[in-house]
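Asks: Please read through the structure below; I'll follow up with questions.
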Amino acid sequence: MSIATVTALPGPEGPAGGFYTRAALEDWRAWLRAALVADWRPGEWSPELMLFTGDPGNPETGLWICGVERCGSVVATKSLCTTCGLAFRAGGLDAETFLATHVPKPNRTIGIRRPNCLIGEGTCQRESHNKGMCAAHMSRWHQTRKDHPGVVFEEWIGTRKPYGPMPGCLVVGCAHDGSRVEQLCLGHRKEWKKYALQQRLETSDETARKDWSSSLFPYLTTAQFSLWPLQDTVRLEMLFALQQREARGQNIAPRPVRLAVSRMLGLASIAANGDDYPDPEGTQDTNLKSFLRETLRTVTRAYKEFSGISPTDGNVWDLTELDIPSKFSSTGVRTQQGKVDFTEIQQPWMRQLTMTWIEVARPESGKLRDGFRGMVVASQALYALPGGGMDPAALRFADMDVIVDAFRVMPRWDGTEMGSKGKRLYLTGFFEVIDYGRRTGLLDELPGRFARHSSHRIPDKVQDEDEIGKAIPESVIRQLDQQLDLLGEGIPYGTLASEDVKAMFQTVYVVLRDTGRRPAEVTRLALDCLEKDGEEHQLIWDNRKSKRLRRRLPITPETVDVINAWKARRAGLVLPPNSAPYLFPAITNNTANHQLLSGNSARVIRAWVRSLERIDSEELGPDGTPLPFDRDLIYPYAFRHSYCQRHADAGIPQDVLRDLMDHRSANTTAGYYKVSLKRKRQAVKKMRLHVMDRDGLPAPMESNTAYELRAVAVPFGNCKEPSNVKAGGKACPIRFQCAGCGHYRPDPSYLPAVEDHIRALKGNREMATASGAAEFVTRGLGEEISAFQEVGVKMKEYMSQLPEDERDQVEEAAKVLRKVRAATAGRPLLPLTVVGRNDAGRGR
């Protein structure tokens with residue numbers, strides 16, 4: 001059978017012979033009535049009025065009470081009501097004080113019936129309107145005051161008799177009293193007169209008035225929704241969908257239901273009239289979009305059951321109809337739409353095996369994805385062979401080799417290259433399905449030689465040294481900062497307003513950029529993630545990858561200001577209740593993750609980067625203009641590399657940087673000090689032209705090789721003394737007093753090291769003086785200090801005289817060479833072999 005949804009079927013007014021005759025529609029309604037829970041939500045659901053009035057005290061209802069202690073207004077999220085939220089943002093109180101002390105103004109809600117008239121101490125059964133009196137008593141009071149100007153109100157009300165009740169408003173579910181003539185409340189009476197005037201009807205036309213009122217919603221509060229104005233079939237379908245939603249463990253939130261109902265007016269049936277069903281993609285309200293999708297899936301699935309159609313009939317299955325487990329859902333059951341098209345698997349035996357595995361083994365959604373795609377890749381590989389892999393008994397070991405080779409070269413869905421980890425996941429998924437078939441006897445005819453071997457693995461890609469380093473250049477980050485106001489533009493996120501969405505994702509970007517934390521560590525930050533230690537601020541974060549929680553990272557005041565600005569804005573927003581502990585909230589309350597997903601932040605940042613008109617790289621084209629930067633290299637995790645690279649370039653010692661990155665091993669941190677062989681050679685080529693001797697006179701090296709040979713382990717300059725060069729810097733005849741040696745060849749890249757050495761010599765001189773050392777010792781140290789200071793002064797003078805462009809290039813080359821020296825620590829400046837992956841800083 002075709003798995004096409006029933007929404008393609010003709011409606012109740014369709015041609016003769018069409019499925020939905022009126023009799024068939026009545027059968028469908030009868031099936032729904034039998035499937036409904038009879039006593040559903042007592043106290044909240046009124047079946048006679050088709051009216052739901054949610055109880056904020058019910059945890060299965062998506063309603064709460066305003067957080068202000070003296071307010072009591074019902075709100076759609078665990079936050080403040082609109083009135084209190086405005087007052088909080090306008091005031092200067094902190095949240096705790098405001099919640100405890102604010103006294104809100106009385107807020108009259110139109111959907112709630114006002115108290116009874118005060119006449120007869122409240123025994124008058126009519127609704128009060130003004131001065132606590134019903135309209136009739138108010139009219140009497142006005143007349144009395146006109147006739148007897150001196151009458152005292154308090155005495156007059158004691159002489160009045162209470163009246164009996166008025167008829168209710170004709171609009172079903174309306175809480176207000178109707179009038180005796182039109183039987184409409186004051187608000188609906190005004191609407192009726194306006195409608196009658198537009199339609200040229202007599203306001204006294206009782207039939208027209210009743211027809212008109214039957215299609216109207218009552219005045220609804222935040223806690224209510226009404227199904228009454230819907231067509232009979234849609235009422236039952238909606239009620240069924242709501243009850244099924246509750247059965248799945250999801251709460252009932254009135255707001256999205258109310259919005260969905262308003263879009264279904266005039267619809268004859270959700271199951272029959274799919275073309276008229278509201279398009280979920282036509283709204284940016286995430287909660288409404290999700291509810292519309294879920295309702296359509298639930299009703300479609302119910303109709304298939306009513307028609308005797310199994311979810312596993314046909315070659316295309318809807319995963320939401322199979323109740324596939326999902327670790328991403330708060331209920332553990334998949335709720336997001338997803339279909340599996342088994343026609344992608346060419347071999348009947350492989351197709352049937354995969355179907356049985358999904359239907360019987362019921363793998364969770366992640367394993368299902370890996371196993372299904374693994375079977376698709378294997379199917380395509382076998383199909384290209386003679387025989388197409390149609391006969392399982394004919395398969396050999398060589399066929400398994402072909403399958404594994406296909407996984408080694410498989411791309412992503414978008415055609416880009418897939419990493420080794422992803423390929424291994426799908427290969428493992430394929431083997432799991434095959435192993436399942438063997439265990440259950442479904443593949444008894446599959447020969448034993450068609451099996452996995454130790455050679456059937458996908459190794460990590462060996463990375464060329466020129467590809468090492470994923471840091472975004474600082475010049476590119478500066479360009480991104482200049483266009484930060486565009487980040488989050490046009491992105492829907494739950495019920496948040498556009499400016500609030502932008503503020504949240506811009507804060508995420510700043511934290512990623514300034515802290516170097518992993519994306520998931522940033523999106524999971526707690527609301528109280530800032531801590532002040534004296535004058536310094538620290539970020540409190542969890543290293544979940546290494547299971548080290550409550551870590552602390554020093555951050556700048558500028559970053560603190562950005563986080564605090566978002567926290568202040570966040571305090572006045574309507575957010576999912578489960579997101580209360582987190583700095584960045586989730587889209588809805590119905591997911592297993594209660595905070596912003598790192599995948600969502602990645603998608604928003606990538607979309608922003610793609611939308612930018614221009615991003616220049618540091619490379620120049622033939623005409624001297626900057627070439628475009630590869631935008632695929634800008635993604636959240638790359639900012640971690642940039643953070644580490646920034647500190648490595650600044651000369652931060654490895655042990656300090658290891659602590660900042662929270663690495664267990666210094667080898668991991670050392671990977672961030674790696675520089676490609678090409679960049680090293682370019683830096684050497686530039687720096688060898690700016691070498692000088694100890695007197696500050698130019699002494700350029702004749703070649704890169706000459707510079708490299710003299711780059712021995714002397715921390716404050718190169719050395720050309722033959723015996724010391726031969727010994728790798730360990731045989732200095734004058735004990736490393738370089739500033740007094742004719743073989744000393746410093747260059748600007750050593751300037752920080754020279755300054756560090758001067759400070760160390762000064763410390764040694766102070767210790768020598770304090771210990772009563774001989775005068776020649778202290779004199780020698782002082783002269784050595786003066787000599788090195790002269791070297792530093794001359795290098796600074798030399799740099800200041802260079803043209804600006806040349807000086808920038810020399811400084812950039814100096815950064816590269818300093819980073820190389822920090823990483824090599826005594827090894828040759830330019831290695832003879834390519835750096836392998838084990839040296840590239842794994843585990844970042």
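Identifiers in this document derive from the order of the structure tokens: chains are assigned A, B, ..., residues are numbered from 1 separately in each chain, and ligands are numbered from 1 in order of occurrence.
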Pick out the residues sitting within 9 Å of Gly371 of chain A, and hand them over as a ChimeraX atom specification; count only C-alpha atoms, and ignore anything fewer than 3 positions along from it in its own chain.

Replies: /A:354,366-368,374-376,425-433

Asks: Which parts of segment 279-440 of chain A does DSSP call strand (DSSP E or B) when run on the backbone here, written out as a short mmCIF file (atom, residue, chain, number, x, y, z; two decimals) with C-alpha atoms, in the first residue's frame?

Replies:
data_model
loop_
_atom_site.label_atom_id
_atom_site.label_comp_id
_atom_site.auth_asym_id
_atom_site.auth_seq_id
_atom_site.Cartn_x
_atom_site.Cartn_y
_atom_site.Cartn_z
CA VAL A 316 8.17 4.40 3.84
CA TRP A 317 7.69 4.50 7.60
CA ASP A 318 6.92 7.47 9.81
CA PRO A 325 12.71 5.71 21.70
CA SER A 329 12.75 13.82 24.16
CA VAL A 333 9.56 8.86 22.85
CA LYS A 339 10.58 9.13 7.82
CA VAL A 340 12.55 6.10 6.69
CA ASP A 341 12.42 5.29 2.98
CA PRO A 411 30.60 11.78 2.11
CA GLU A 417 33.90 15.20 3.29
#

Asks: Hey, what's within 8 Å of Arg29 of chain A if we count only C-alpha atoms and toss same-chain stuff fewer than 3 positions away? As an NGL selection string, please?

Replies: :A and (25-26 or 32-33 or 233 or 236)

Asks: Take atom CA of Lys421 of chain A and atom CA of Val409 of chain A and report the distance between them in Å, one decimal.

Replies: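 Atom CA of Val409 of chain A lies 12.5 Å from atom CA of Lys421 of chain A.
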
Asks: Using only C-alpha atoms, determine which residues lie at most 8 Å from segment 164-168 of chain A, disregarding the query and same-chain residues fewer than 4 positions distant; provide the list as a PyMOL selection string.

Replies: chain A and resi 124-126+174-180+183-185

Asks: For Asn130 of chain A, find every residue with an atom within 12 Å (counting only C-alpha atoms), except residues of its own chain fewer than 4 positions away, and show them as an mmCIF file with N, CA, C and O atoms, in the first residue's frame.

Replies:
data_model
loop_
_atom_site.group_PDB
_atom_site.id
_atom_site.type_symbol
_atom_site.label_atom_id
_atom_site.label_comp_id
_atom_site.auth_asym_id
_atom_site.auth_seq_id
_atom_site.Cartn_x
_atom_site.Cartn_y
_atom_site.Cartn_z
ATOM 1 N N ARG A 114 -17.102 38.818 36.549
ATOM 2 C CA ARG A 114 -16.900 39.668 37.711
ATOM 3 C C ARG A 114 -17.808 39.222 38.859
ATOM 4 O O ARG A 114 -18.793 38.515 38.639
ATOM 5 N N PRO A 115 -17.491 39.643 40.083
ATOM 6 C CA PRO A 115 -18.288 39.198 41.239
ATOM 7 C C PRO A 115 -19.743 39.648 41.125
ATOM 8 O O PRO A 115 -20.086 40.537 40.334
ATOM 9 N N ASN A 116 -20.574 39.029 41.932
ATOM 10 C CA ASN A 116 -21.991 39.421 41.964
ATOM 11 C C ASN A 116 -22.150 40.844 42.476
ATOM 12 O O ASN A 116 -21.303 41.387 43.170
ATOM 13 N N CYS A 117 -23.261 41.412 42.097
ATOM 14 C CA CYS A 117 -23.629 42.760 42.552
ATOM 15 C C CYS A 117 -23.624 42.807 44.080
ATOM 16 O O CYS A 117 -24.009 41.843 44.756
ATOM 17 N N LEU A 118 -23.199 43.941 44.660
ATOM 18 C CA LEU A 118 -23.069 44.043 46.119
ATOM 19 C C LEU A 118 -24.408 44.218 46.830
ATOM 20 O O LEU A 118 -24.472 44.117 48.067
ATOM 21 N N CYS A 134 -24.612 45.698 39.627
ATOM 22 C CA CYS A 134 -25.005 45.234 38.306
ATOM 23 C C CYS A 134 -25.553 46.417 37.512
ATOM 24 O O CYS A 134 -25.776 47.509 38.043
ATOM 25 N N ALA A 135 -25.787 46.196 36.226
ATOM 26 C CA ALA A 135 -26.231 47.290 35.363
ATOM 27 C C ALA A 135 -27.585 47.839 35.807
ATOM 28 O O ALA A 135 -27.818 49.061 35.769
ATOM 29 N N ALA A 136 -28.504 46.937 36.237
ATOM 30 C CA ALA A 136 -29.840 47.394 36.635
ATOM 31 C C ALA A 136 -29.780 48.268 37.884
ATOM 32 O O ALA A 136 -30.394 49.352 37.940
ATOM 33 N N HIS A 137 -29.046 47.835 38.897
ATOM 34 C CA HIS A 137 -28.935 48.637 40.110
ATOM 35 C C HIS A 137 -28.153 49.920 39.859
ATOM 36 O O HIS A 137 -28.429 50.961 40.472
ATOM 37 N N MET A 138 -27.177 49.856 38.956
ATOM 38 C CA MET A 138 -26.428 51.066 38.642
ATOM 39 C C MET A 138 -27.335 52.093 37.977
ATOM 40 O O MET A 138 -27.266 53.300 38.251
ATOM 41 N N SER A 139 -28.196 51.612 37.102
ATOM 42 C CA SER A 139 -29.145 52.512 36.440
ATOM 43 C C SER A 139 -30.088 53.136 37.463
ATOM 44 O O SER A 139 -30.383 54.341 37.402
ATOM 45 N N TRP A 141 -29.440 53.674 40.597
ATOM 46 C CA TRP A 141 -28.690 54.634 41.410
ATOM 47 C C TRP A 141 -28.555 55.974 40.684
ATOM 48 O O TRP A 141 -28.731 57.028 41.288
ATOM 49 N N HIS A 142 -28.267 55.926 39.394
ATOM 50 C CA HIS A 142 -28.148 57.164 38.625
ATOM 51 C C HIS A 142 -29.468 57.945 38.644
ATOM 52 O O HIS A 142 -29.483 59.180 38.786
#

Asks: Quote the spacing between atom CA of Arg452 of chain A and atom CA of Met390 of chain A in Å to one decimal place.

Replies: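 Those two atoms sit 19.4 Å apart.
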
Asks: Go through A:Leu49, A:Ala398, A:Ala38, A:Cys66 one by one, measure the shortest atom-to-atom distance of each to Phe240 of chain A using only C-alpha atoms, and give the residue with the smallest value.

Replies: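 Of A:Leu49, A:Ala398, A:Ala38, A:Cys66, the one nearest Phe240 of chain A is A:Ala38, counting only C-alpha atoms.
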
Asks: Would you write out, as JSON lines, a table of all residues in segment 65-100 of chain A that have an atom no more than 12 Å from an atom of segment 247-256 of chain A, listing for each the closest atom pair and the distance in Å to one decimal, considering only C-alpha atoms and ordering rows by chain and rising residue number?

Replies:
{"residue": "A:Val74", "atom": "CA", "partner": "A:Pro254", "partner_atom": "CA", "distance": 11.4}
{"residue": "A:Val75", "atom": "CA", "partner": "A:Arg255", "partner_atom": "CA", "distance": 10.0}
{"residue": "A:Ala76", "atom": "CA", "partner": "A:Arg255", "partner_atom": "CA", "distance": 7.2}
{"residue": "A:Thr77", "atom": "CA", "partner": "A:Ala253", "partner_atom": "CA", "distance": 9.3}

Asks: Next, dump the selected residues to file, keeping only C-alpha atoms, as a short mmCIF file (atom, residue, chain, number, x, y, z; two decimals), in the first residue's frame.

Replies:
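Result file follows (out.cif):
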data_model
loop_
_atom_site.label_atom_id
_atom_site.label_comp_id
_atom_site.auth_asym_id
_atom_site.auth_seq_id
_atom_site.Cartn_x
_atom_site.Cartn_y
_atom_site.Cartn_z
CA VAL A 74 -1.95 33.25 35.67
CA VAL A 75 0.96 33.19 33.19
CA ALA A 76 1.90 30.88 30.34
CA THR A 77 5.48 30.38 31.54
#

Asks: Write out as a list in words which residues come within 12 Å of Met767 of chain A when counting only C-alpha atoms, dropping same-chain ones fewer than 5 positions away.

Replies: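 In the requested form, the answer reads Ala760, Leu761, Lys762, Gly772, Ala773, Val777, Thr778 and Leu781 of chain A.
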
Asks: Write out, as a PDB file, in the first residue's frame, the residues just selected, with N, CA, C and O atoms.

Replies:
ATOM      1  N   ALA A 760      65.796  38.189  35.147  1.00  0.00           N
ATOM      2  CA  ALA A 760      66.411  37.081  35.890  1.00  0.00           C
ATOM      3  C   ALA A 760      67.807  37.465  36.387  1.00  0.00           C
ATOM      4  O   ALA A 760      68.200  37.139  37.524  1.00  0.00           O
ATOM      5  N   LEU A 761      68.596  38.153  35.552  1.00  0.00           N
ATOM      6  CA  LEU A 761      69.936  38.584  35.956  1.00  0.00           C
ATOM      7  C   LEU A 761      69.877  39.572  37.107  1.00  0.00           C
ATOM      8  O   LEU A 761      70.703  39.525  38.038  1.00  0.00           O
ATOM      9  N   LYS A 762      68.916  40.481  37.073  1.00  0.00           N
ATOM     10  CA  LYS A 762      68.767  41.431  38.173  1.00  0.00           C
ATOM     11  C   LYS A 762      68.455  40.693  39.473  1.00  0.00           C
ATOM     12  O   LYS A 762      68.966  41.063  40.548  1.00  0.00           O
ATOM     13  N   GLY A 772      76.678  38.262  50.093  1.00  0.00           N
ATOM     14  CA  GLY A 772      78.044  38.717  50.311  1.00  0.00           C
ATOM     15  C   GLY A 772      79.019  38.204  49.281  1.00  0.00           C
ATOM     16  O   GLY A 772      80.194  37.949  49.612  1.00  0.00           O
ATOM     17  N   ALA A 773      78.571  38.001  48.046  1.00  0.00           N
ATOM     18  CA  ALA A 773      79.450  37.512  46.983  1.00  0.00           C
ATOM     19  C   ALA A 773      80.547  38.527  46.697  1.00  0.00           C
ATOM     20  O   ALA A 773      80.421  39.728  46.973  1.00  0.00           O
ATOM     21  N   VAL A 777      81.872  39.305  41.072  1.00  0.00           N
ATOM     22  CA  VAL A 777      80.652  38.573  40.696  1.00  0.00           C
ATOM     23  C   VAL A 777      79.519  39.563  40.434  1.00  0.00           C
ATOM     24  O   VAL A 777      78.854  39.518  39.402  1.00  0.00           O
ATOM     25  N   THR A 778      79.291  40.461  41.392  1.00  0.00           N
ATOM     26  CA  THR A 778      78.200  41.430  41.221  1.00  0.00           C
ATOM     27  C   THR A 778      78.503  42.395  40.082  1.00  0.00           C
ATOM     28  O   THR A 778      77.595  42.820  39.360  1.00  0.00           O
ATOM     29  N   LEU A 781      77.737  40.597  36.843  1.00  0.00           N
ATOM     30  CA  LEU A 781      76.286  40.517  36.584  1.00  0.00           C
ATOM     31  C   LEU A 781      75.754  41.875  36.129  1.00  0.00           C
ATOM     32  O   LEU A 781      74.916  41.962  35.223  1.00  0.00           O
TER      33      LEU A 781
END

Asks: Please provide as a PDB file with N, CA and C atoms, in the first residue's frame all residues within 12 Å of Asp533 of chain A, with the sequence filter that same-chain residues fewer than 5 positions apart are discarded (counting only C-alpha atoms).

Replies:
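Once written, out_14.pdb looks like this:
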ATOM      1  N   GLN A 538      35.370  35.509  37.769  1.00  0.00           N
ATOM      2  CA  GLN A 538      35.627  34.175  37.253  1.00  0.00           C
ATOM      3  C   GLN A 538      34.345  33.587  36.681  1.00  0.00           C
ATOM      4  N   LEU A 539      34.512  32.793  35.651  1.00  0.00           N
ATOM      5  CA  LEU A 539      33.394  32.074  35.048  1.00  0.00           C
ATOM      6  C   LEU A 539      33.362  30.673  35.632  1.00  0.00           C
ATOM      7  N   ILE A 540      32.216  30.278  36.149  1.00  0.00           N
ATOM      8  CA  ILE A 540      32.053  28.919  36.685  1.00  0.00           C
ATOM      9  C   ILE A 540      31.420  28.056  35.594  1.00  0.00           C
ATOM     10  N   ARG A 552      36.742  26.983  37.318  1.00  0.00           N
ATOM     11  CA  ARG A 552      36.765  28.444  37.351  1.00  0.00           C
ATOM     12  C   ARG A 552      37.771  28.973  36.348  1.00  0.00           C
ATOM     13  N   LEU A 553      37.350  30.010  35.630  1.00  0.00           N
ATOM     14  CA  LEU A 553      38.189  30.602  34.595  1.00  0.00           C
ATOM     15  C   LEU A 553      38.179  32.121  34.749  1.00  0.00           C
ATOM     16  N   PRO A 554      39.333  32.760  34.870  1.00  0.00           N
ATOM     17  CA  PRO A 554      39.359  34.230  34.939  1.00  0.00           C
ATOM     18  C   PRO A 554      38.854  34.832  33.615  1.00  0.00           C
ATOM     19  N   ILE A 555      38.001  35.833  33.717  1.00  0.00           N
ATOM     20  CA  ILE A 555      37.486  36.489  32.517  1.00  0.00           C
ATOM     21  C   ILE A 555      37.574  38.000  32.696  1.00  0.00           C
TER      22      ILE A 555
END

Asks: Mind giving me the straight-line distance from atom CA of Arg200 of chain A to atom CA of Trp212 of chain A in Å, one decimal?

Replies: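 Distance between the two atoms: 13.5 Å.
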
Asks: Between A:Thr300, A:Thr668, A:Asn704, A:Ser214, which one has atoms that come closest to Cys169 of chain A, using only C-alpha atoms?

Replies: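 Of the candidates, the smallest distance to Cys169 of chain A is held by A:Ser214.
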
Asks: Using only C-alpha atoms for the distances, tell me which of A:Glu613, A:Glu558, A:Glu294, A:Asp632 is nearest to Arg245 of chain A.

Replies: A:Glu294

Asks: Running DSSP on the backbone, which parts of segment 34-145 of chain A land in alpha helix (DSSP H), as a PyMOL selection string?

Replies: chain A and resi 34-35+82-90+95-101+135-145

Asks: Rank A:His647, A:His757, A:Lys304, A:Arg189 by their smallest atom-to-atom distance to Arg818 of chain A, using only C-alpha atoms, and report the top residue only.

Replies: A:His647

Asks: Kindly indicate which residue among A:Phe736, A:Arg664, A:Glu305, A:Val37 lies nearest to Lys547 of chain A, using only C-alpha atoms for the distances.

Replies: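 Of A:Phe736, A:Arg664, A:Glu305, A:Val37, the one nearest Lys547 of chain A, counting only C-alpha atoms, is A:Arg664.
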